[in-house]
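Peer 1: Please read through the structure below; I'll follow up with questions.
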Amino acid sequence: MGLLDEAGLDRLVAAGCAACGSGKLLFRTYVDGAVPMVAGEPVGRIGWLYDGEKFVDGVYEARCGQCDAPRFSAEVCPRCHVPGGLARALATPNDWPVPLACPSCDDEEIRYVAFVPARVAFEGARAEKARDLALPHDTGFHGVRVDCRSCGPVAARTDVCPLCLGPGPLRARPG
């Protein structure tokens, strides 16, 4: 679990902003997204693959949506908790290559699953759709798995933390 858990999220939402009283919060989080690729190049938009537990697991910042007052922040890697890992994850480009084709069937069409920094606004009982803060060739975007439409998952990054390249240990993800 990240440094913010579901109970902590519930407390943040219930309390709102102590500075201005607003109930709108802006979250920055690392969430799972998939990009359709053909021959190693993106051919579509990010499709989000996270649920509520994975959203909370990746939260590294919460601010008031009205006055921008900080409500929560964590500087450790959201995935492995290495100190300073968040800054490293946000500032470095993806180093896990996108394959040109499925390693099993050689189909050029794959889904590249990545941890993507995103911004999500929440007010009342409803969260807006995530907005990506990085695209496949931007810093902060980090590949973690390759899926093929015929073969299913065909490769996964397990050697190091996909976000900060820390040695781990990688903890189990919720959900």
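In the structure tokens, chains take letters A, B, ... by order of appearance, with residues numbered from 1 within each chain and ligands from 1 in the order shown.
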I'd like a table as a Markdown table: residues in region 23-77 of chain A with an atom no more than 9 Å from region 83-86 of chain A, each row giving the shortest atom pair and its distance in Å to one decimal, only C-alpha atoms counted, sorted by chain and rising residue number.

Peer 2:
```
| residue | atom | partner | partner_atom | distance |
| --- | --- | --- | --- | --- |
| A:Tyr60 | CA | A:Leu86 | CA | 8.0 |
| A:Ala74 | CA | A:Leu86 | CA | 8.0 |
| A:Glu75 | CA | A:Leu86 | CA | 5.4 |
| A:Val76 | CA | A:Pro83 | CA | 4.5 |
| A:Cys77 | CA | A:Gly85 | CA | 4.1 |
```

Peer 1: Trp96 (chain A): which residues within 10 Å, counting only C-alpha atoms, same-chain residues fewer than 5 positions away excluded, as a list in words?

Peer 2: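 Once the nearby chain positions are removed, what remains is Ala114, His142, Gly143, Val144, Arg145, Ala156, Arg157 and Pro162 of chain A.
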
Peer 1: Any idea what's packed within 8 Å of Met37 (chain A), counting only C-alpha atoms, ignoring anything in its chain fewer than 2 positions away? Could you give it as a list in words?

Peer 2: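 Those residues are Val35, Ala39, Gly40, Glu41, Pro42, Val43, Gly44, Glu108, Glu109, Ile110, Arg111 and Tyr112 of chain A.
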
Peer 1: Give me, as a tab-separated table (two decimals) with N, CA, C and O atoms, in the first residue's frame, all polymer residues having an atom no more than 12 Å from region 2-19 of chain A, counting only C-alpha atoms and skipping those fewer than 2 positions away in the same chain.

Peer 2:
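Result file around.tsv:
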```
chain	number	residue	atom	x	y	z
A	21	GLY	N	-12.31	25.90	3.23
A	21	GLY	CA	-13.57	25.19	3.40
A	21	GLY	C	-14.07	24.46	2.16
A	21	GLY	O	-15.12	23.82	2.20
A	22	SER	N	-13.34	24.53	1.07
A	22	SER	CA	-13.77	23.85	-0.16
A	22	SER	C	-13.76	22.34	0.02
A	22	SER	O	-12.94	21.79	0.74
A	23	GLY	N	-14.66	21.68	-0.68
A	23	GLY	CA	-14.70	20.23	-0.67
A	23	GLY	C	-14.05	19.61	-1.91
A	23	GLY	O	-14.05	18.40	-2.08
A	24	LYS	N	-13.48	20.45	-2.78
A	24	LYS	CA	-12.85	19.94	-4.00
A	24	LYS	C	-11.37	19.67	-3.72
A	24	LYS	O	-10.66	20.54	-3.21
A	25	LEU	N	-10.93	18.48	-4.07
A	25	LEU	CA	-9.52	18.11	-3.91
A	25	LEU	C	-8.94	17.73	-5.26
A	25	LEU	O	-9.62	17.14	-6.10
A	26	LEU	N	-7.67	18.05	-5.48
A	26	LEU	CA	-6.93	17.64	-6.67
A	26	LEU	C	-5.85	16.66	-6.23
A	26	LEU	O	-5.04	16.97	-5.37
A	27	PHE	N	-5.88	15.48	-6.83
A	27	PHE	CA	-4.92	14.43	-6.50
A	27	PHE	C	-3.93	14.27	-7.63
A	27	PHE	O	-4.31	14.32	-8.81
A	28	ARG	N	-2.70	14.04	-7.28
A	28	ARG	CA	-1.68	13.58	-8.23
A	28	ARG	C	-1.33	12.17	-7.80
A	28	ARG	O	-1.06	11.91	-6.63
A	29	THR	N	-1.35	11.28	-8.79
A	29	THR	CA	-1.20	9.86	-8.49
A	29	THR	C	-0.53	9.16	-9.67
A	29	THR	O	-0.56	9.66	-10.80
A	30	TYR	N	0.10	8.04	-9.39
A	30	TYR	CA	0.58	7.15	-10.45
A	30	TYR	C	-0.46	6.06	-10.60
A	30	TYR	O	-0.76	5.35	-9.64
A	31	VAL	N	-1.05	5.95	-11.80
A	31	VAL	CA	-2.06	4.93	-12.06
A	31	VAL	C	-1.69	4.12	-13.31
A	31	VAL	O	-0.87	4.54	-14.12
A	52	GLY	N	-10.30	1.78	-7.72
A	52	GLY	CA	-10.17	2.68	-6.57
A	52	GLY	C	-8.97	2.38	-5.69
A	52	GLY	O	-8.26	3.27	-5.25
A	53	GLU	N	-8.70	1.08	-5.44
A	53	GLU	CA	-7.57	0.72	-4.60
A	53	GLU	C	-6.24	1.09	-5.24
A	53	GLU	O	-5.34	1.59	-4.58
A	54	LYS	N	-6.12	0.86	-6.53
A	54	LYS	CA	-4.87	1.21	-7.22
A	54	LYS	C	-4.71	2.72	-7.33
A	54	LYS	O	-3.59	3.23	-7.30
A	55	PHE	N	-5.82	3.45	-7.46
A	55	PHE	CA	-5.75	4.91	-7.45
A	55	PHE	C	-5.15	5.40	-6.14
A	55	PHE	O	-4.20	6.17	-6.12
A	56	VAL	N	-5.71	4.96	-5.03
A	56	VAL	CA	-5.24	5.39	-3.71
A	56	VAL	C	-3.79	4.96	-3.50
A	56	VAL	O	-2.98	5.72	-2.95
A	57	ASP	N	-3.44	3.77	-3.95
A	57	ASP	CA	-2.09	3.25	-3.79
A	57	ASP	C	-1.04	4.14	-4.43
A	57	ASP	O	0.08	4.24	-3.95
A	58	GLY	N	-1.38	4.83	-5.52
A	58	GLY	CA	-0.40	5.66	-6.23
A	58	GLY	C	-0.40	7.12	-5.85
A	58	GLY	O	0.42	7.90	-6.35
A	59	VAL	N	-1.31	7.57	-4.96
A	59	VAL	CA	-1.42	9.00	-4.62
A	59	VAL	C	-0.14	9.48	-3.94
A	59	VAL	O	0.33	8.89	-2.97
A	60	TYR	N	0.41	10.56	-4.49
A	60	TYR	CA	1.58	11.17	-3.87
A	60	TYR	C	1.35	12.63	-3.49
A	60	TYR	O	2.18	13.24	-2.82
A	61	GLU	N	0.20	13.18	-3.88
A	61	GLU	CA	-0.11	14.56	-3.49
A	61	GLU	C	-1.61	14.80	-3.55
A	61	GLU	O	-2.29	14.30	-4.45
A	62	ALA	N	-2.10	15.56	-2.57
A	62	ALA	CA	-3.49	16.04	-2.59
A	62	ALA	C	-3.46	17.51	-2.21
A	62	ALA	O	-2.79	17.90	-1.24
A	63	ARG	N	-4.17	18.33	-2.98
A	63	ARG	CA	-4.23	19.77	-2.74
A	63	ARG	C	-5.69	20.22	-2.83
A	63	ARG	O	-6.50	19.57	-3.48
A	64	CYS	N	-5.97	21.35	-2.23
A	64	CYS	CA	-7.30	21.93	-2.34
A	64	CYS	C	-7.53	22.36	-3.79
A	64	CYS	O	-6.65	23.00	-4.39
A	65	GLY	N	-8.68	22.04	-4.32
A	65	GLY	CA	-9.02	22.43	-5.69
A	65	GLY	C	-9.42	23.88	-5.82
A	65	GLY	O	-9.53	24.40	-6.93
A	66	GLN	N	-9.60	24.56	-4.70
A	66	GLN	CA	-10.00	25.97	-4.71
A	66	GLN	C	-8.81	26.90	-4.45
A	66	GLN	O	-8.51	27.77	-5.24
A	67	CYS	N	-8.11	26.68	-3.32
A	67	CYS	CA	-7.03	27.61	-2.92
A	67	CYS	C	-5.64	27.01	-3.07
A	67	CYS	O	-4.65	27.66	-2.78
A	68	ASP	N	-5.54	25.75	-3.48
A	68	ASP	CA	-4.27	25.06	-3.73
A	68	ASP	C	-3.47	24.74	-2.46
A	68	ASP	O	-2.30	24.42	-2.52
A	69	ALA	N	-4.14	24.79	-1.30
A	69	ALA	CA	-3.45	24.45	-0.04
A	69	ALA	C	-3.10	22.96	-0.04
A	69	ALA	O	-3.92	22.13	-0.44
A	70	PRO	N	-1.89	22.61	0.39
A	70	PRO	CA	-1.52	21.19	0.45
A	70	PRO	C	-2.33	20.44	1.50
A	70	PRO	O	-2.58	20.96	2.59
A	71	ARG	N	-2.74	19.22	1.17
A	71	ARG	CA	-3.51	18.39	2.10
A	71	ARG	C	-2.78	17.09	2.42
A	71	ARG	O	-2.97	16.50	3.46
A	72	PHE	N	-1.95	16.59	1.48
A	72	PHE	CA	-1.17	15.37	1.68
A	72	PHE	C	-0.03	15.38	0.66
A	72	PHE	O	-0.21	15.83	-0.47
A	73	SER	N	1.14	14.91	1.09
A	73	SER	CA	2.23	14.72	0.13
A	73	SER	C	3.16	13.63	0.64
A	73	SER	O	3.29	13.42	1.85
A	74	ALA	N	3.79	12.95	-0.30
A	74	ALA	CA	4.76	11.91	0.02
A	74	ALA	C	5.87	11.99	-1.03
A	74	ALA	O	5.59	12.11	-2.22
A	75	GLU	N	7.11	11.91	-0.59
A	75	GLU	CA	8.24	12.02	-1.51
A	75	GLU	C	8.88	10.67	-1.81
A	75	GLU	O	9.78	10.59	-2.62
A	76	VAL	N	8.37	9.60	-1.19
A	76	VAL	CA	8.90	8.26	-1.48
A	76	VAL	C	8.28	7.76	-2.77
A	76	VAL	O	7.25	8.25	-3.22
A	77	CYS	N	8.92	6.77	-3.37
A	77	CYS	CA	8.35	6.16	-4.56
A	77	CYS	C	7.00	5.53	-4.20
A	77	CYS	O	6.90	4.77	-3.23
A	78	PRO	N	5.94	5.83	-4.96
A	78	PRO	CA	4.63	5.26	-4.65
A	78	PRO	C	4.59	3.74	-4.79
A	78	PRO	O	3.73	3.09	-4.22
A	79	ARG	N	5.52	3.16	-5.53
A	79	ARG	CA	5.50	1.71	-5.78
A	79	ARG	C	6.32	0.93	-4.77
A	79	ARG	O	5.90	-0.11	-4.30
A	80	CYS	N	7.53	1.42	-4.44
A	80	CYS	CA	8.42	0.63	-3.58
A	80	CYS	C	8.85	1.35	-2.31
A	80	CYS	O	9.57	0.77	-1.50
A	81	HIS	N	8.48	2.62	-2.17
A	81	HIS	CA	8.75	3.43	-0.98
A	81	HIS	C	10.22	3.81	-0.80
A	81	HIS	O	10.63	4.19	0.29
A	82	VAL	N	11.04	3.75	-1.84
A	82	VAL	CA	12.42	4.21	-1.74
A	82	VAL	C	12.41	5.72	-1.50
A	82	VAL	O	11.73	6.45	-2.23
A	86	LEU	N	10.06	9.27	-5.72
A	86	LEU	CA	9.05	9.99	-6.50
A	86	LEU	C	9.72	11.00	-7.43
A	86	LEU	O	9.40	11.04	-8.62
A	121	ALA	N	-9.44	15.18	-10.18
A	121	ALA	CA	-10.19	16.09	-9.31
A	121	ALA	C	-11.33	15.31	-8.67
A	121	ALA	O	-11.96	14.47	-9.32
A	122	PHE	N	-11.59	15.61	-7.41
A	122	PHE	CA	-12.64	14.93	-6.67
A	122	PHE	C	-13.45	15.97	-5.91
A	122	PHE	O	-12.89	16.84	-5.23
A	123	GLU	N	-14.77	15.87	-6.03
A	123	GLU	CA	-15.64	16.77	-5.27
A	123	GLU	C	-16.93	16.03	-4.95
A	123	GLU	O	-17.52	15.40	-5.82
A	124	GLY	N	-17.33	16.11	-3.70
A	124	GLY	CA	-18.54	15.41	-3.27
A	124	GLY	C	-18.31	13.92	-3.27
A	124	GLY	O	-17.43	13.42	-2.61
A	125	ALA	N	-19.10	13.21	-4.04
A	125	ALA	CA	-18.97	11.76	-4.09
A	125	ALA	C	-18.46	11.28	-5.44
A	125	ALA	O	-18.54	10.11	-5.77
A	126	ARG	N	-17.92	12.20	-6.23
A	126	ARG	CA	-17.56	11.84	-7.60
A	126	ARG	C	-16.16	12.34	-7.97
A	126	ARG	O	-15.81	13.48	-7.72
A	127	ALA	N	-15.39	11.45	-8.59
A	127	ALA	CA	-14.08	11.82	-9.12
A	127	ALA	C	-14.19	12.00	-10.62
A	127	ALA	O	-14.92	11.28	-11.30
A	170	LEU	N	9.58	-5.36	-4.36
A	170	LEU	CA	8.31	-4.89	-4.88
A	170	LEU	C	7.20	-5.52	-4.06
A	170	LEU	O	7.15	-6.72	-3.86
A	171	ARG	N	6.34	-4.70	-3.54
A	171	ARG	CA	5.24	-5.19	-2.71
A	171	ARG	C	4.08	-5.58	-3.60
A	171	ARG	O	3.98	-5.15	-4.75
A	172	ALA	N	3.23	-6.40	-3.07
A	172	ALA	CA	2.02	-6.79	-3.81
A	172	ALA	C	1.15	-5.57	-4.01
A	172	ALA	O	1.06	-4.72	-3.13
A	173	ARG	N	0.52	-5.45	-5.17
A	173	ARG	CA	-0.38	-4.33	-5.44
A	173	ARG	C	-1.79	-4.70	-5.02
A	173	ARG	O	-2.18	-5.86	-5.11
A	174	PRO	N	-2.57	-3.75	-4.60
A	174	PRO	CA	-3.96	-4.04	-4.24
A	174	PRO	C	-4.76	-4.40	-5.49
A	174	PRO	O	-4.39	-4.08	-6.60
```

Peer 1: Which residues are close to Leu90 (chain A), i.e. within 8 Å by only C-alpha atoms, leaving aside same-chain residues fewer than 4 positions away? Reply as a VMD selection string.

Peer 2: chain A and resid 86 117 139 to 141

Peer 1: Output the selection as a compact mmCIF listing (two decimals), in the first residue's frame - N, CA and C atoms for each residue.

Peer 2:
```txt
# COMPACT_ATOMS: atom_id res chain seq x y z
N LEU A 86 10.06 9.27 -5.72
CA LEU A 86 9.05 9.99 -6.50
C LEU A 86 9.72 11.00 -7.43
N PRO A 117 1.80 9.17 -14.46
CA PRO A 117 1.38 10.21 -13.52
C PRO A 117 0.11 10.88 -14.05
N THR A 139 9.05 12.25 -19.76
CA THR A 139 9.55 11.82 -18.46
C THR A 139 8.36 11.51 -17.57
N GLY A 140 8.54 10.58 -16.66
CA GLY A 140 7.49 10.21 -15.73
C GLY A 140 6.65 9.02 -16.15
N PHE A 141 6.65 8.67 -17.42
CA PHE A 141 5.89 7.54 -17.95
C PHE A 141 6.79 6.31 -17.87
```

Peer 1: For each of A:Asp51, A:Pro167, A:Val113, A:Val160, take the minimum atom-to-atom distance to Ala34 (chain A), counting only C-alpha atoms, then give the residue where this is smallest.

Peer 2: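 Ranking A:Asp51, A:Pro167, A:Val113, A:Val160 by distance to Ala34 (chain A), first place goes to A:Val113.
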
Peer 1: Between CA of Ala155 (chain A) and CA of Ala87 (chain A), what is the spacing in Å?

Peer 2: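 Going from CA of Ala87 (chain A) over to CA of Ala155 (chain A), I get 26.4 Å.
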
Peer 1: To one decimal in Å, tell me the separation between CA of Ala130 (chain A) and CA of Trp48 (chain A).

Peer 2: 7.9 Å

Peer 1: Of the residues A:Ala118, A:Val98, A:Val38, A:Ala91, which is the one nearest to Asp138 (chain A), using only C-alpha atoms?

Peer 2: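 Once distances to Asp138 (chain A) are computed over only C-alpha atoms, the minimum belongs to A:Ala91.
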
Peer 1: Check the DSSP output for the backbone and give back, as a PyMOL selection string, the residues of chain A in helix (DSSP H, G or I).

Peer 2: chain A and resi 6-15+52-58+85-91

Peer 1: Separation of CA of Tyr50 (chain A) and CA of Asp106 (chain A), in Å?

Peer 2: 27.6 Å

Peer 1: I'd like to know which residues of chain A are strand (DSSP E or B) (by DSSP, run on the backbone); could you write them as a PyMOL selection string?

Peer 2: chain A and resi 24-38+41-42+47-48+59-64+70-73+93+109-123+126-127+131-132+139+142-148+152-156
